[in-house]
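J.: Okay, so here is entry.cif, and as you'll see once you scroll down, it has mmCIF, C-alpha atoms.
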```cif
data_structure
#
loop_
_atom_site.label_atom_id
_atom_site.label_comp_id
_atom_site.auth_asym_id
_atom_site.auth_seq_id
_atom_site.Cartn_x
_atom_site.Cartn_y
_atom_site.Cartn_z
CA MET A 1 14.89 -4.05 7.70
CA GLN A 2 14.05 -4.41 4.03
CA SER A 3 13.05 -7.97 3.15
CA LYS A 4 14.44 -9.80 0.14
CA PRO A 5 12.25 -9.23 -2.95
CA LYS A 6 9.88 -12.11 -3.62
CA LYS A 7 7.53 -13.10 -6.39
CA ILE A 8 4.11 -13.08 -4.75
CA GLY A 9 0.78 -14.28 -6.07
CA THR A 10 -2.23 -12.43 -4.64
CA LEU A 11 -5.61 -14.15 -4.67
CA THR A 12 -9.01 -12.55 -4.25
CA LEU A 13 -12.61 -12.98 -5.40
CA PRO A 14 -13.18 -12.99 -9.18
CA LEU A 15 -12.52 -9.54 -10.63
CA HIS A 16 -15.64 -8.20 -12.30
CA SER A 17 -17.64 -5.09 -11.43
CA ASN A 18 -17.61 -4.72 -7.64
CA TYR A 19 -15.95 -1.34 -7.05
CA GLY A 20 -14.76 -2.06 -3.53
CA GLY A 21 -13.53 -5.48 -4.61
CA LEU A 22 -11.54 -4.01 -7.49
CA LEU A 23 -10.02 -1.25 -5.40
CA GLN A 24 -8.95 -3.56 -2.57
CA ALA A 25 -7.24 -5.85 -5.12
CA TYR A 26 -5.52 -2.81 -6.65
CA ALA A 27 -4.49 -1.47 -3.23
CA LEU A 28 -2.99 -4.72 -1.93
CA GLN A 29 -1.06 -5.24 -5.16
CA ARG A 30 0.27 -1.69 -5.08
CA TYR A 31 1.16 -1.87 -1.38
CA LEU A 32 3.19 -5.06 -1.83
CA LYS A 33 4.88 -3.65 -4.95
CA GLU A 34 5.94 -0.61 -2.94
CA ARG A 35 7.55 -2.99 -0.45
CA GLY A 36 9.82 -4.10 -3.28
CA HIS A 37 8.16 -7.32 -4.42
CA GLU A 38 7.08 -8.63 -7.81
CA ILE A 39 3.33 -9.11 -7.66
CA LEU A 40 1.16 -11.29 -9.84
CA VAL A 41 -2.61 -11.33 -9.39
CA ILE A 42 -3.98 -14.86 -9.69
CA ASP A 43 -6.96 -14.47 -12.01
CA ARG A 44 -9.38 -16.96 -10.43
CA GLN A 45 -12.75 -16.79 -12.15
CA PHE A 46 -15.99 -18.60 -11.37
CA ASN A 47 -16.01 -22.28 -12.32
CA LYS A 48 -16.75 -23.11 -15.94
CA LYS A 49 -16.64 -26.54 -17.53
CA PHE A 50 -15.86 -25.39 -21.04
CA THR A 51 -13.96 -22.31 -22.21
CA GLY A 52 -11.98 -21.19 -25.22
CA PRO A 53 -12.60 -19.84 -28.74
CA LEU A 54 -14.31 -23.01 -30.02
CA VAL A 55 -16.88 -22.82 -27.23
CA GLN A 56 -17.54 -19.17 -28.09
CA LEU A 57 -18.05 -20.08 -31.74
CA LEU A 58 -20.51 -22.83 -30.78
CA LYS A 59 -22.43 -20.43 -28.55
CA LYS A 60 -22.61 -17.88 -31.36
CA THR A 61 -23.94 -20.42 -33.86
CA VAL A 62 -25.97 -22.84 -31.70
CA PHE A 63 -27.09 -20.54 -28.86
CA PRO A 64 -27.16 -17.06 -30.44
CA SER A 65 -29.38 -15.50 -27.75
CA LYS A 66 -27.00 -16.62 -24.98
CA TRP A 67 -23.99 -15.42 -26.96
CA LYS A 68 -25.69 -12.05 -27.56
CA HIS A 69 -26.43 -11.71 -23.84
CA GLU A 70 -22.78 -12.39 -22.97
CA GLN A 71 -21.60 -9.79 -25.49
CA GLU A 72 -24.01 -7.24 -24.01
CA GLN A 73 -22.69 -7.97 -20.51
CA LYS A 74 -19.15 -7.34 -21.74
CA ALA A 75 -20.23 -3.98 -23.15
CA ILE A 76 -21.96 -3.09 -19.87
CA ARG A 77 -18.77 -3.93 -17.93
CA ALA A 78 -16.46 -2.10 -20.34
CA ASN A 79 -15.49 0.58 -17.80
CA THR A 80 -14.75 -1.81 -14.94
CA ASP A 81 -12.89 -4.14 -17.32
CA TYR A 82 -10.82 -1.13 -18.42
CA PHE A 83 -9.73 -0.54 -14.81
CA ILE A 84 -8.91 -4.24 -14.30
CA ASN A 85 -6.82 -4.41 -17.46
CA LYS A 86 -4.98 -1.14 -16.88
CA TYR A 87 -4.47 -1.00 -13.12
CA ILE A 88 -4.69 -4.55 -11.73
CA GLU A 89 -1.72 -5.83 -13.63
CA PRO A 90 0.11 -8.13 -14.20
CA LYS A 91 -2.21 -11.11 -13.86
CA THR A 92 -1.99 -14.80 -14.56
CA LYS A 93 -4.09 -16.37 -17.24
CA PRO A 94 -7.73 -16.89 -16.13
CA TYR A 95 -8.42 -20.06 -14.14
CA PHE A 96 -11.92 -21.55 -14.28
CA SER A 97 -11.42 -24.65 -12.13
CA SER A 98 -9.62 -25.82 -9.00
CA GLU A 99 -7.83 -28.47 -11.06
CA GLY A 100 -6.37 -25.81 -13.33
CA MET A 101 -5.06 -23.91 -10.30
CA GLU A 102 -2.80 -26.78 -9.24
CA ALA A 103 0.01 -25.63 -11.55
CA VAL A 104 -0.11 -21.94 -10.65
CA VAL A 105 2.72 -21.92 -8.09
CA SER A 106 5.25 -23.86 -10.17
CA GLY A 107 4.04 -22.38 -13.47
CA TYR A 108 4.78 -18.83 -12.32
CA ASN A 109 7.66 -19.63 -9.92
CA LEU A 110 5.92 -18.03 -6.95
CA ASP A 111 7.71 -17.63 -3.63
CA ALA A 112 4.62 -16.70 -1.63
CA LEU A 113 0.83 -16.49 -1.78
CA VAL A 114 -1.34 -13.81 -0.16
CA VAL A 115 -5.10 -14.33 -0.09
CA GLY A 116 -7.37 -11.38 0.66
CA SER A 117 -9.07 -9.16 1.23
CA ASP A 118 -12.83 -8.96 0.79
CA GLN A 119 -15.09 -11.88 1.70
CA VAL A 120 -12.73 -14.54 0.33
CA TRP A 121 -13.51 -16.90 3.22
CA ARG A 122 -17.30 -16.58 2.99
CA VAL A 123 -18.13 -20.06 1.73
CA ASP A 124 -21.68 -19.22 0.60
CA TYR A 125 -20.05 -16.72 -1.80
CA THR A 126 -17.19 -18.88 -3.04
CA ASN A 127 -19.06 -22.22 -3.11
CA ALA A 128 -17.26 -24.77 -5.34
CA MET A 129 -14.00 -22.82 -5.29
CA ALA A 130 -14.02 -22.20 -1.51
CA LYS A 131 -10.99 -24.39 -0.75
CA ASP A 132 -8.90 -22.56 -3.36
CA PHE A 133 -8.94 -19.55 -1.03
CA PHE A 134 -7.27 -21.71 1.62
CA TYR A 135 -4.66 -22.90 -0.94
CA ALA A 136 -5.90 -26.44 -1.53
CA PHE A 137 -4.32 -26.10 -4.98
CA ALA A 138 -0.85 -25.63 -3.42
CA LYS A 139 -0.87 -28.87 -1.39
CA ASN A 140 2.23 -30.28 -3.10
CA THR A 141 4.38 -27.15 -2.74
CA THR A 142 6.38 -25.48 0.02
CA VAL A 143 5.33 -21.97 -1.03
CA GLN A 144 4.88 -19.43 1.78
CA ARG A 145 1.14 -19.03 2.57
CA LEU A 146 -0.38 -15.89 4.05
CA SER A 147 -3.68 -14.11 4.26
CA TYR A 148 -4.23 -10.38 4.55
CA ALA A 149 -7.48 -8.97 5.98
CA ALA A 150 -9.39 -12.02 4.76
CA SER A 151 -13.08 -11.87 5.69
CA PHE A 152 -15.55 -14.60 6.61
CA GLY A 153 -18.32 -12.07 5.91
CA LYS A 154 -20.37 -13.24 8.89
CA GLY A 155 -19.83 -13.26 12.63
CA GLU A 156 -20.34 -17.02 12.88
CA TRP A 157 -18.94 -20.07 11.10
CA GLU A 158 -21.87 -22.14 9.84
CA GLN A 159 -20.27 -24.82 7.68
CA PRO A 160 -20.58 -28.63 8.05
CA ALA A 161 -18.04 -30.57 10.09
CA GLU A 162 -16.40 -32.26 7.08
CA LEU A 163 -15.63 -29.00 5.29
CA THR A 164 -14.57 -27.39 8.58
CA GLY A 165 -12.05 -30.19 9.08
CA GLU A 166 -10.68 -29.84 5.57
CA ILE A 167 -10.25 -26.10 5.95
CA LYS A 168 -8.67 -26.55 9.38
CA ASN A 169 -6.03 -28.79 7.83
CA LEU A 170 -5.38 -26.23 5.10
CA ILE A 171 -5.20 -23.18 7.36
CA GLN A 172 -2.83 -24.96 9.73
CA LYS A 173 -0.24 -24.73 6.93
CA PHE A 174 -0.47 -20.92 6.77
CA ASP A 175 2.65 -19.02 7.83
CA GLY A 176 0.56 -15.99 8.80
CA VAL A 177 -3.17 -15.45 9.18
CA SER A 178 -4.60 -11.93 8.96
CA VAL A 179 -8.35 -11.29 9.02
CA ARG A 180 -10.47 -8.19 8.64
CA GLU A 181 -12.89 -8.53 11.56
CA ASP A 182 -12.67 -9.29 15.28
CA SER A 183 -15.10 -12.16 14.68
CA GLY A 184 -12.63 -13.61 12.18
CA VAL A 185 -9.98 -13.87 14.90
CA GLU A 186 -12.48 -15.77 17.06
CA ILE A 187 -13.50 -18.11 14.21
CA CYS A 188 -9.87 -19.01 13.50
CA THR A 189 -9.26 -19.84 17.16
CA LYS A 190 -12.52 -21.68 17.80
CA TYR A 191 -12.85 -23.76 14.62
CA PHE A 192 -9.35 -23.98 13.16
CA ASP A 193 -7.11 -23.80 16.24
CA LYS A 194 -5.09 -21.12 14.44
CA GLU A 195 -3.94 -17.77 15.79
CA ALA A 196 -4.99 -14.79 13.66
CA VAL A 197 -4.52 -11.03 13.81
CA ARG A 198 -6.92 -8.36 12.61
CA HIS A 199 -5.88 -5.75 10.05
CA VAL A 200 -7.62 -3.02 8.09
CA ASP A 201 -8.92 -3.51 4.56
CA PRO A 202 -6.17 -3.06 1.90
CA THR A 203 -7.88 0.06 0.54
CA MET A 204 -6.90 1.78 3.80
CA LEU A 205 -3.21 1.08 3.23
CA LEU A 206 -3.09 3.75 0.51
CA LYS A 207 -3.44 7.47 1.14
CA VAL A 208 -6.23 9.68 -0.13
CA GLU A 209 -3.73 11.32 -2.50
CA ASP A 210 -3.24 7.97 -4.23
CA TYR A 211 -6.93 7.77 -5.06
CA GLU A 212 -7.15 11.42 -6.07
CA HIS A 213 -4.26 10.81 -8.46
CA LEU A 214 -6.18 7.94 -10.08
CA ALA A 215 -9.28 10.10 -10.63
CA LYS A 216 -7.23 12.97 -12.02
CA ALA A 217 -5.23 10.66 -14.28
CA GLU A 218 -8.50 9.58 -15.91
CA SER A 219 -9.76 13.21 -16.12
CA GLU A 220 -12.92 12.48 -14.14
CA PRO A 221 -15.26 15.51 -14.13
CA ALA A 222 -16.65 16.96 -10.91
CA LYS A 223 -20.00 15.68 -9.62
CA ASP A 224 -23.17 17.73 -9.85
CA GLY A 225 -24.18 17.90 -6.21
CA ASN A 226 -22.74 17.84 -2.70
CA ILE A 227 -24.42 14.89 -0.93
CA LEU A 228 -23.32 11.45 -2.07
CA VAL A 229 -25.98 8.76 -1.74
CA TYR A 230 -24.33 5.40 -2.27
CA MET A 231 -26.92 2.83 -1.28
CA LEU A 232 -27.27 -0.58 -2.84
CA ASP A 233 -30.99 -0.71 -2.16
CA ILE A 234 -33.14 2.36 -1.45
CA LYS A 235 -36.48 1.56 0.19
CA GLU A 236 -38.95 3.77 2.04
CA ASP A 237 -37.15 3.88 5.40
CA ARG A 238 -33.79 4.54 3.75
CA GLN A 239 -35.33 7.38 1.75
CA LYS A 240 -36.38 8.96 5.04
CA VAL A 241 -32.74 8.93 6.15
CA ILE A 242 -31.63 10.51 2.88
CA ASP A 243 -34.30 13.21 3.18
CA GLU A 244 -33.23 14.06 6.73
CA VAL A 245 -29.59 14.37 5.71
CA VAL A 246 -30.55 16.65 2.81
CA GLN A 247 -32.61 18.79 5.15
CA HIS A 248 -29.71 19.02 7.59
CA VAL A 249 -26.89 19.64 5.09
CA GLY A 250 -28.76 21.44 2.33
CA GLY A 251 -27.95 21.08 -1.34
CA LYS A 252 -28.32 18.34 -3.90
CA THR A 253 -27.77 14.58 -3.88
CA TYR A 254 -25.93 12.54 -6.48
CA SER A 255 -25.21 8.84 -6.93
CA ILE A 256 -22.32 6.67 -8.07
CA ASN A 257 -24.37 3.48 -8.29
CA LYS A 258 -24.53 1.16 -11.24
CA PRO A 259 -27.69 1.83 -13.30
CA VAL A 260 -30.78 -0.24 -12.55
CA ILE A 261 -31.38 -2.16 -15.76
CA LYS A 262 -34.89 -1.65 -17.13
CA PRO A 263 -36.60 -2.77 -20.35
CA GLY A 264 -36.03 -0.43 -23.26
CA MET A 265 -32.78 1.07 -21.97
CA THR A 266 -30.03 1.68 -24.49
CA LEU A 267 -26.80 -0.24 -24.11
CA GLU A 268 -24.99 3.00 -23.30
CA ALA A 269 -27.45 3.75 -20.48
CA LYS A 270 -26.82 0.29 -19.00
CA LYS A 271 -23.06 0.78 -18.81
CA TYR A 272 -21.46 0.72 -15.37
CA PRO A 273 -19.70 3.94 -14.32
CA THR A 274 -15.91 4.02 -14.32
CA VAL A 275 -14.04 3.06 -11.16
CA THR A 276 -12.43 6.48 -11.05
CA SER A 277 -15.85 8.13 -11.35
CA TRP A 278 -16.79 6.13 -8.25
CA LEU A 279 -13.74 7.54 -6.49
CA ARG A 280 -14.56 11.06 -7.68
CA GLY A 281 -17.90 10.67 -5.92
CA PHE A 282 -16.13 10.65 -2.55
CA MET A 283 -13.73 13.42 -3.51
CA ASP A 284 -16.58 15.84 -4.23
CA ALA A 285 -18.92 14.89 -1.38
CA GLU A 286 -19.75 17.21 1.48
CA TYR A 287 -21.67 14.40 3.20
CA VAL A 288 -22.16 10.67 2.48
CA VAL A 289 -25.12 8.37 3.09
CA THR A 290 -24.27 4.73 2.42
CA ASP A 291 -25.06 1.11 3.24
CA SER A 292 -21.85 -0.13 1.62
CA PHE A 293 -18.78 -1.39 3.47
CA HIS A 294 -16.32 0.18 1.04
CA GLY A 295 -18.55 3.24 0.84
CA THR A 296 -17.92 3.62 4.56
CA ILE A 297 -14.18 3.05 4.16
CA PHE A 298 -13.82 5.71 1.49
CA SER A 299 -15.87 8.18 3.55
CA LEU A 300 -13.25 7.71 6.27
CA LEU A 301 -10.32 7.96 3.88
CA PHE A 302 -11.63 11.16 2.31
CA ASN A 303 -12.66 12.56 5.72
CA LYS A 304 -16.30 13.02 4.73
CA PRO A 305 -19.06 13.08 7.39
CA PHE A 306 -21.25 10.03 6.84
CA ILE A 307 -24.20 7.94 7.98
CA VAL A 308 -24.19 4.17 7.50
CA TYR A 309 -27.51 2.40 7.14
CA GLY A 310 -26.68 -1.09 8.42
CA ASN A 311 -27.59 -4.04 6.24
CA LYS A 312 -27.99 -7.21 8.33
CA GLU A 313 -28.34 -9.44 5.27
CA ARG A 314 -25.00 -8.33 3.87
CA GLY A 315 -23.28 -8.66 7.25
CA LEU A 316 -22.75 -6.06 9.98
CA THR A 317 -19.71 -7.47 11.77
CA ARG A 318 -17.31 -5.96 9.21
CA PHE A 319 -18.84 -2.49 9.71
CA TYR A 320 -18.62 -2.61 13.49
CA SER A 321 -15.04 -3.96 13.49
CA MET A 322 -13.84 -1.24 11.14
CA LEU A 323 -15.65 1.66 12.79
CA LYS A 324 -14.68 0.50 16.27
CA THR A 325 -11.06 0.94 15.20
CA VAL A 326 -11.62 4.69 14.79
CA GLY A 327 -14.26 5.07 17.53
CA LEU A 328 -17.17 5.77 15.18
CA GLU A 329 -19.56 2.84 15.74
CA ASN A 330 -22.27 5.42 16.49
CA ARG A 331 -22.40 6.34 12.78
CA ILE A 332 -24.27 3.07 12.04
CA ILE A 333 -28.05 3.13 12.21
CA LEU A 334 -30.45 0.24 11.57
CA ASN A 335 -33.56 2.34 10.87
CA SER A 336 -34.57 5.97 10.35
CA GLU A 337 -35.67 6.38 13.97
CA GLU A 338 -32.04 6.03 15.06
CA LEU A 339 -31.00 9.08 13.01
CA THR A 340 -31.16 11.79 15.67
CA GLN A 341 -30.32 15.46 15.37
CA ASP A 342 -27.46 14.89 17.80
CA LEU A 343 -25.96 12.33 15.43
CA LEU A 344 -26.44 14.58 12.41
CA GLN A 345 -24.77 17.48 14.19
CA ALA A 346 -21.98 15.47 15.82
CA GLU A 347 -18.59 16.45 14.44
CA ILE A 348 -16.05 13.78 13.61
CA ASP A 349 -12.55 14.13 15.02
CA TRP A 350 -10.69 13.57 11.76
CA THR A 351 -7.30 14.07 13.40
CA ARG A 352 -8.04 11.07 15.61
CA VAL A 353 -9.30 9.05 12.62
CA ASN A 354 -6.24 9.80 10.48
CA THR A 355 -3.85 9.13 13.36
CA GLU A 356 -5.47 5.75 14.00
CA LEU A 357 -5.32 4.85 10.31
CA GLU A 358 -1.59 5.58 10.31
CA LYS A 359 -1.20 3.35 13.34
CA GLN A 360 -3.08 0.56 11.57
CA ARG A 361 -0.85 0.93 8.49
CA GLY A 362 2.11 0.51 10.81
CA ARG A 363 0.63 -2.73 12.18
CA THR A 364 0.32 -4.03 8.64
CA ASP A 365 3.95 -3.14 7.92
CA GLU A 366 5.02 -5.07 11.03
CA TYR A 367 2.95 -8.11 10.04
CA PHE A 368 4.55 -8.42 6.62
CA SER A 369 8.04 -7.56 7.90
CA LYS A 370 7.93 -10.38 10.47
CA LEU A 371 7.07 -12.77 7.65
CA GLY A 372 9.91 -11.53 5.47
CA ILE A 373 7.64 -9.70 3.03
#
```
If you convert what's in this file into structure tokens, what do you get?
T.:
Amino acid sequence: MQSKPKKIGTLTLPLHSNYGGLLQAYALQRYLKERGHEILVIDRQFNKKFTGPLVQLLKKTVFPSKWKHEQEQKAIRANTDYFINKYIEPKTKPYFSSEGMEAVVSGYNLDALVVGSDQVWRVDYTNAMAKDFFYAFAKNTTVQRLSYAASFGKGEWEQPAELTGEIKNLIQKFDGVSVREDSGVEICTKYFDKEAVRHVDPTMLLKVEDYEHLAKAESEPAKDGNILVYMLDIKEDRQKVIDEVVQHVGGKTYSINKPVIKPGMTLEAKKYPTVTSWLRGFMDAEYVVTDSFHGTIFSLLFNKPFIVYGNKERGLTRFYSMLKTVGLENRIILNSEELTQDLLQAEIDWTRVNTELEKQRGRTDEYFSKLGI
């Protein structure tokens, strides 16, 4: 049954230049719009004490080197900012403090809030604004509170008792709690006495055709190569893995990474690639080698054979939860010695993968329908 249209505020990590982060924000917004709702992205930025045109003028005149650095960073992020401004829309005004957020529900007449996805509940990422992602700013309202595929980032909750108690009180007020990992379900039960359900990342709610349409709409040219290497940090052992994949597949590698900034580079050379160029990387790949969570997701969506080099520091629980859903945990390796010929030659049952993804989309539909969204 179609739910009554609502005005919903979605809340995620600050929108900047993380490709997976931008695409999950875009996907959740689009998914909820397609369910008939009016969606407004709450533009929560990192805390700043002073903002506004006067502050910028003071920086320019009193701290010219800092102002120049900020202007250069804007130029470097021009392509990702373009995607944010064109496709993640509409948004609220930017909020730079928890105090400022207190008027967001009444100021925009919101009926509901949905926080997620990405690592919105990883406190060592969100720091001073951590409680905003549990709706501390909405304490004096009766707005409907939900999460969707929210991630703690880690398999364990390691926060002090006082903060744990505060967050427990906040999460108890949620009308529905959806997390991205199995460990997130356990954390909610163990520390917050709150039932949670696991759902797939919002990027998986859209179809591959949706992403192909984005790349084509921006006239992204084809990549020069057939093996996509999307690794955030290539060291000696990871290079061995890349070399073995190249030897097995044959052909040429290409990358969709942001450039590594080095002295003497021109501003143009420092610029981040477009978001749709990032997507085109998966469209054109014959094989993918990655250590990225969203790199793994888009390999699945585009049905591209892949190897994941696990990164313990960045958190492995999210990889295992996602790949377990489609029966492909064996695609994760932790070192080059685990990359066997059997693994390289193993074919992926894409019919099974795509069928399971459809089932997971159905579970998401049920979750929101039960909550009247």
J.: Would you mind telling me which residue in A:Ala346, A:Leu32, A:Leu316, A:Ile297 lies nearest to Thr364 of chain A when using only C-alpha atoms?
T.: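 That would be A:Leu32, the residue with the smallest distance to Thr364 of chain A.
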J.: Find the residues near Glu218 of chain A: any atom within 8 Å, counting all atoms listed in the file, skip ones fewer than 3 places away on the same chain, and give them as a PyMOL selection string.
T.: chain A and resi 214-215+276
J.: Counting only C-alpha atoms, which residues come within 9 Å of (-25.2, 9.4, -9.6), with the point read in the file's coordinates, and could you list them as number ranges by chain?
T.: A: 223-224, 228-230, 253-259, 281
J.: Let me know the residues the PyMOL selection byres ((chain A and resi 36) around 9) catches in the file above, as a count of residues only.
T.: 12
J.: Let me know the residues the PyMOL selection byres ((chain A and resi 134-139) around 7) catches in the file above, as a PyMOL selection string.
T.: chain A and resi 98+101-102+105+131-133+140-141+167+170-171
J.: Next, write the just-selected residues to a file, as a PDB file, in the coordinates of the input, keeping C-alpha atoms as the atom set.
T.:
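Written output follows (selection25.pdb):
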```
ATOM      1  CA  SER A  98      -9.620 -25.820  -9.000  1.00  0.00           C
ATOM      2  CA  MET A 101      -5.060 -23.910 -10.300  1.00  0.00           C
ATOM      3  CA  GLU A 102      -2.800 -26.780  -9.240  1.00  0.00           C
ATOM      4  CA  VAL A 105       2.720 -21.920  -8.090  1.00  0.00           C
ATOM      5  CA  LYS A 131     -10.990 -24.390  -0.750  1.00  0.00           C
ATOM      6  CA  ASP A 132      -8.900 -22.560  -3.360  1.00  0.00           C
ATOM      7  CA  PHE A 133      -8.940 -19.550  -1.030  1.00  0.00           C
ATOM      8  CA  ASN A 140       2.230 -30.280  -3.100  1.00  0.00           C
ATOM      9  CA  THR A 141       4.380 -27.150  -2.740  1.00  0.00           C
ATOM     10  CA  ILE A 167     -10.250 -26.100   5.950  1.00  0.00           C
ATOM     11  CA  LEU A 170      -5.380 -26.230   5.100  1.00  0.00           C
ATOM     12  CA  ILE A 171      -5.200 -23.180   7.360  1.00  0.00           C
TER      13      ILE A 171
END
```
J.: When you count only C-alpha atoms, which of these residues is closest to Asn47 of chain A: A:Tyr320, A:Trp278, A:Phe192, A:Phe96?
T.: A:Phe96
J.: I need the output of the PyMOL selection byres ((chain A and resi 312) around 12) for this file as a list in words; which residues are they?
T.: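 Checked against the file, the PyMOL selection byres ((chain A and resi 312) around 12) matches Gly153, Lys154, Gly155, Asp291, Ser292, Phe293, Tyr309, Gly310, Asn311, Glu313, Arg314, Gly315, Leu316, Thr317, Arg318, Phe319, Tyr320, Ile332, Ile333, Leu334 and Asn335 of chain A.
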J.: Looking at A:Met204, A:Val249, A:Ile307, A:Ile348, which one is nearest to Tyr31 of chain A, with distances taken over only C-alpha atoms?
T.: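 Distance minimum relative to Tyr31 of chain A lands on A:Met204.
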J.: Report, in Å to a single decimal, how far apart atom CA of Leu113 of chain A and atom CA of Leu146 of chain A are.
T.: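 It comes out at 6.0 Å.
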J.: List the spatial neighbours of Leu323 of chain A as a ChimeraX atom specification - criterion: any atom at most 12 Å away, only C-alpha atoms, same-chain residues fewer than 4 positions off excluded.
T.: /A:180-182,200-201,293-294,296-297,299-300,306-308,316-319,327-332,353,356-357
J.: Any idea what the distance is between atom CA of Ile39 of chain A and atom CA of Asp111 of chain A?
T.: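 Computing it gives 10.4 Å between the two atoms.
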J.: With distances taken over all atoms listed in the file, which of A:Gly251, A:Pro263, A:Pro160, A:Pro221 is nearest to Arg280 of chain A?
T.: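 Of the candidates, the smallest distance to Arg280 of chain A is held by A:Pro221.
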J.: What is the atom CA of Phe302 of chain A to atom CA of Ile242 of chain A distance in Å?
T.: 20.0 Å
